[in-house]
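Enquirer: Just dropping this structure here.
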Amino acid sequence: MDGLPTREDEVDFSAPGTWYTVIGELDSPPLIVLHGGPGTGHEYMITLTDLYKTHKLPIVLYDQVGCGRSTHFKEKAGDASFWTMDLFLAELDNLVDHLQLRDIGFSLLGQSWGGILTGAYASRRPKGLKRIIIAGGPASMPLYAEGCKYLLSQLPEDVRRTIEERERKGDYESEEFQKASAVFYGRHFCKLDPLPEPVQVGFEHLKEDPTAYLTFKTITKVRWVTLSNASHMTHWEHRDKFNELCGGFLFSGRE
């Protein structure tokens, strides 16, 4: 984000704090970006800052509670009463209010888990929300699990067997599991080789503190877009096209 007008801050959120950064000035409705995981942090979503360069669209990136530069709660690992959807929705509400966006308005883009959060937030019809974009966010976790199971079955037999055996044993740190998982991720998570550094940072966030991660067609005016030869990281693999589509959607109908 070098050369872009950027400011960083932290907003108090009950006991924890939520770290955020704003690219541009909040004199027009910004796009708030919700990262995946939960727990991957904001870095791998920096491709969205291209929209400031092309459309002068203010961008808000933030680390959800439990990861990145926001407050961590490792002592809450496995505490389903703490890591709830309501926690993350309240955090987003708090950020919107802190930035005073209710009157000027704002849009949301959620990727992966962030897409689930975006859909849940939009369903409440909060004041100020103008548009949403869901990128690679599953609408149903059971269907998502079925899809992953199918994709796993399409891997070479030795790779599939290694992943299944290591998962049964809970052996996620072994070299064998890491190598086998890399095959799966290379096909379906991100097709770029090597992985962009910000995407690697997201993996590191999960590795350093997996607390939050481990505990967790009837829409009007909707537009579905599918890009070929893409995986879960479409905003990296087809960066220009992804941002072109997002910019066109976010600015359509504006005077």
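Ordering of the structure tokens sets the chain letters (A, B, ...); residue numbers start at 1 within each chain; ligands are numbered from 1 in the order shown.
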For Thr6 (chain A), find every residue with an atom within 6 Å (counting only C-alpha atoms), except residues of its own chain fewer than 2 positions away, and show them as a PDB file with C-alpha atoms, in the first residue's frame.

Expert:
```pdb
ATOM      1  CA  LEU A   4      -1.580   5.429  -0.909  1.00  0.00           C
ATOM      2  CA  VAL A  22      -8.303   3.213   5.991  1.00  0.00           C
ATOM      3  CA  ILE A  23      -7.056   3.873   2.465  1.00  0.00           C
TER       4      ILE A  23
END
```

Enquirer: Near Asp27 (chain A), counting only C-alpha atoms, which residues have an atom at most 12 Å away, once you skip same-chain residues fewer than 6 positions from it, shown as an MDAnalysis selection string?

Expert: chainID A and resid 56:59 99:101 103:106

Enquirer: Mind giving me the straight-line distance from CA of His42 (chain A) to CA of Glu8 (chain A) in Å, one decimal?

Expert: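 Computing the Euclidean distance for CA of His42 (chain A) and CA of Glu8 (chain A) yields 12.6 Å.
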
Enquirer: With only C-alpha atoms as the atoms that count, which of A:Val11, A:Leu89, A:Cys246, A:Leu143 lies nearest to Thr54 (chain A)?

Expert: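 Ranking A:Val11, A:Leu89, A:Cys246, A:Leu143 by distance to Thr54 (chain A), first place goes to A:Cys246.
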
Enquirer: I'd like the interatomic distance between CA of Gly24 (chain A) and CA of Leu51 (chain A), to a tenth of an Å.

Expert: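 Interatomic distance, CA of Gly24 (chain A) to CA of Leu51 (chain A): 10.6 Å.
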
Enquirer: Just list the residues in region 32-217 of chain A DSSP gives helix (DSSP H, G or I) on the backbone, as number ranges by chain.

Expert: A: 43-55, 74-76, 85-98, 113-122, 141-153, 157-169, 175-188, 197-208, 211-214

Enquirer: Enter the distance from CA of Phe251 (chain A) to CA of Ile134 (chain A), in Å, rounded to one decimal.

Expert: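 These two atoms are separated by 16.2 Å.
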
Enquirer: Show me, as a PyMOL selection string, the residues that have an atom within 12 Å of region 169-186 of chain A when counting only C-alpha atoms, minus same-chain residues fewer than 6 positions from it.

Expert: chain A and resi 148-163+192-195+199+203+207+230-233+237

Enquirer: Point out the residue among A:Arg131, A:His35, A:Arg102, A:His55 with the least atom-to-atom distance to Asn243 (chain A), counting only C-alpha atoms.

Expert: A:His55

Enquirer: Tell me, as a PDB file with N, CA and C atoms, in the first residue's frame, which residues lie within 10 Å of Gly17 (chain A), counting only C-alpha atoms; anything in the same chain fewer than 3 positions away does not count.

Expert:
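Result written to part.pdb:
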```pdb
ATOM      1  N   ASP A   9      -5.407   2.677  12.928  1.00  0.00           N
ATOM      2  CA  ASP A   9      -5.850   2.995  14.279  1.00  0.00           C
ATOM      3  C   ASP A   9      -6.418   1.733  14.903  1.00  0.00           C
ATOM      4  N   GLU A  10      -6.825   1.850  16.154  1.00  0.00           N
ATOM      5  CA  GLU A  10      -7.465   0.752  16.854  1.00  0.00           C
ATOM      6  C   GLU A  10      -8.668   1.303  17.576  1.00  0.00           C
ATOM      7  N   VAL A  11      -9.819   0.659  17.400  1.00  0.00           N
ATOM      8  CA  VAL A  11     -11.045   1.092  18.044  1.00  0.00           C
ATOM      9  C   VAL A  11     -11.342   0.146  19.196  1.00  0.00           C
ATOM     10  N   ASP A  12     -11.647   0.700  20.374  1.00  0.00           N
ATOM     11  CA  ASP A  12     -12.001  -0.123  21.523  1.00  0.00           C
ATOM     12  C   ASP A  12     -13.274  -0.891  21.216  1.00  0.00           C
ATOM     13  N   PHE A  13     -13.296  -2.161  21.609  1.00  0.00           N
ATOM     14  CA  PHE A  13     -14.455  -3.015  21.388  1.00  0.00           C
ATOM     15  C   PHE A  13     -14.656  -3.823  22.654  1.00  0.00           C
ATOM     16  N   SER A  14     -15.481  -3.289  23.583  1.00  0.00           N
ATOM     17  CA  SER A  14     -15.619  -3.878  24.910  1.00  0.00           C
ATOM     18  C   SER A  14     -14.222  -4.044  25.490  1.00  0.00           C
ATOM     19  N   TYR A  20      -7.598  -1.505  12.546  1.00  0.00           N
ATOM     20  CA  TYR A  20      -8.080  -1.257  11.186  1.00  0.00           C
ATOM     21  C   TYR A  20      -7.183  -0.251  10.490  1.00  0.00           C
ATOM     22  N   ASP A  63      -8.520  -6.332  11.065  1.00  0.00           N
ATOM     23  CA  ASP A  63      -8.279  -7.672  11.591  1.00  0.00           C
ATOM     24  C   ASP A  63      -9.382  -7.995  12.588  1.00  0.00           C
ATOM     25  N   GLN A  64     -10.120  -9.056  12.310  1.00  0.00           N
ATOM     26  CA  GLN A  64     -11.168  -9.452  13.239  1.00  0.00           C
ATOM     27  C   GLN A  64     -10.556  -9.875  14.570  1.00  0.00           C
ATOM     28  N   VAL A  65     -11.320  -9.713  15.633  1.00  0.00           N
ATOM     29  CA  VAL A  65     -10.836 -10.058  16.959  1.00  0.00           C
ATOM     30  C   VAL A  65     -10.329 -11.504  16.972  1.00  0.00           C
ATOM     31  N   GLY A  66      -9.192 -11.715  17.616  1.00  0.00           N
ATOM     32  CA  GLY A  66      -8.612 -13.052  17.699  1.00  0.00           C
ATOM     33  C   GLY A  66      -7.496 -13.293  16.714  1.00  0.00           C
ATOM     34  N   ARG A  69      -3.437  -7.944  14.284  1.00  0.00           N
ATOM     35  CA  ARG A  69      -3.077  -6.901  15.241  1.00  0.00           C
ATOM     36  C   ARG A  69      -4.192  -6.585  16.230  1.00  0.00           C
ATOM     37  N   SER A  70      -5.315  -7.269  16.104  1.00  0.00           N
ATOM     38  CA  SER A  70      -6.397  -7.092  17.069  1.00  0.00           C
ATOM     39  C   SER A  70      -6.147  -7.977  18.291  1.00  0.00           C
ATOM     40  N   THR A  71      -6.969  -7.801  19.322  1.00  0.00           N
ATOM     41  CA  THR A  71      -6.781  -8.543  20.566  1.00  0.00           C
ATOM     42  C   THR A  71      -6.972 -10.040  20.350  1.00  0.00           C
ATOM     43  N   HIS A  72      -6.068 -10.830  20.946  1.00  0.00           N
ATOM     44  CA  HIS A  72      -6.148 -12.291  20.879  1.00  0.00           C
ATOM     45  C   HIS A  72      -6.719 -12.838  22.186  1.00  0.00           C
ATOM     46  N   GLU A  91     -18.679  -6.725  16.510  1.00  0.00           N
ATOM     47  CA  GLU A  91     -17.411  -6.064  16.214  1.00  0.00           C
ATOM     48  C   GLU A  91     -17.532  -5.204  14.959  1.00  0.00           C
TER      49      GLU A  91
END
```

Enquirer: Give the strand (DSSP E or B) residues of region 77-110 of chain A, as assigned by DSSP on the backbone, as a list in words.

Expert: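 These are the residues in question: Phe106, Ser107, Leu108, Leu109 and Gly110 of chain A.
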
Enquirer: Taking 5 positions as the minimum chain separation for residues in the same chain, which residues sit within 12 Å of Ala139 (chain A) when counting only C-alpha atoms? Answer as a PyMOL selection string.

Expert: chain A and resi 112-120+134+144-145+217-218

Enquirer: What would the file look like if the residues just selected were written as a compact mmCIF listing (two decimals), in the first residue's frame with N, CA and C atoms?

Expert:
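As written to disk, result.txt reads:
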```
# COMPACT_ATOMS: atom_id res chain seq x y z
N SER A 112 -14.54 -15.82 1.69
CA SER A 112 -14.55 -17.07 2.45
C SER A 112 -15.42 -16.90 3.71
N TRP A 113 -14.85 -17.14 4.90
CA TRP A 113 -15.59 -16.92 6.14
C TRP A 113 -16.15 -15.49 6.19
N GLY A 114 -15.41 -14.54 5.65
CA GLY A 114 -15.89 -13.16 5.61
C GLY A 114 -17.17 -13.03 4.81
N GLY A 115 -17.36 -13.91 3.81
CA GLY A 115 -18.59 -13.92 3.04
C GLY A 115 -19.78 -14.38 3.87
N ILE A 116 -19.55 -15.38 4.73
CA ILE A 116 -20.60 -15.83 5.64
C ILE A 116 -21.00 -14.69 6.57
N LEU A 117 -19.98 -14.02 7.11
CA LEU A 117 -20.22 -12.91 8.02
C LEU A 117 -20.96 -11.77 7.32
N THR A 118 -20.58 -11.50 6.07
CA THR A 118 -21.24 -10.46 5.29
C THR A 118 -22.72 -10.76 5.09
N GLY A 119 -23.02 -12.01 4.73
CA GLY A 119 -24.42 -12.39 4.53
C GLY A 119 -25.24 -12.27 5.81
N ALA A 120 -24.64 -12.70 6.92
CA ALA A 120 -25.34 -12.62 8.20
C ALA A 120 -25.59 -11.17 8.60
N ILE A 134 -19.96 -11.06 -2.02
CA ILE A 134 -19.52 -12.28 -1.35
C ILE A 134 -18.62 -13.03 -2.31
N TYR A 144 -20.64 -27.27 1.82
CA TYR A 144 -19.21 -26.96 1.69
C TYR A 144 -18.38 -28.18 2.05
N ALA A 145 -18.76 -28.86 3.13
CA ALA A 145 -18.03 -30.05 3.56
C ALA A 145 -18.14 -31.15 2.51
N LYS A 217 -31.61 -18.37 -2.61
CA LYS A 217 -31.35 -17.88 -3.97
C LYS A 217 -32.42 -16.85 -4.28
N THR A 218 -32.57 -16.60 -2.67
CA THR A 218 -33.73 -15.71 -2.87
C THR A 218 -33.36 -14.27 -2.55
```
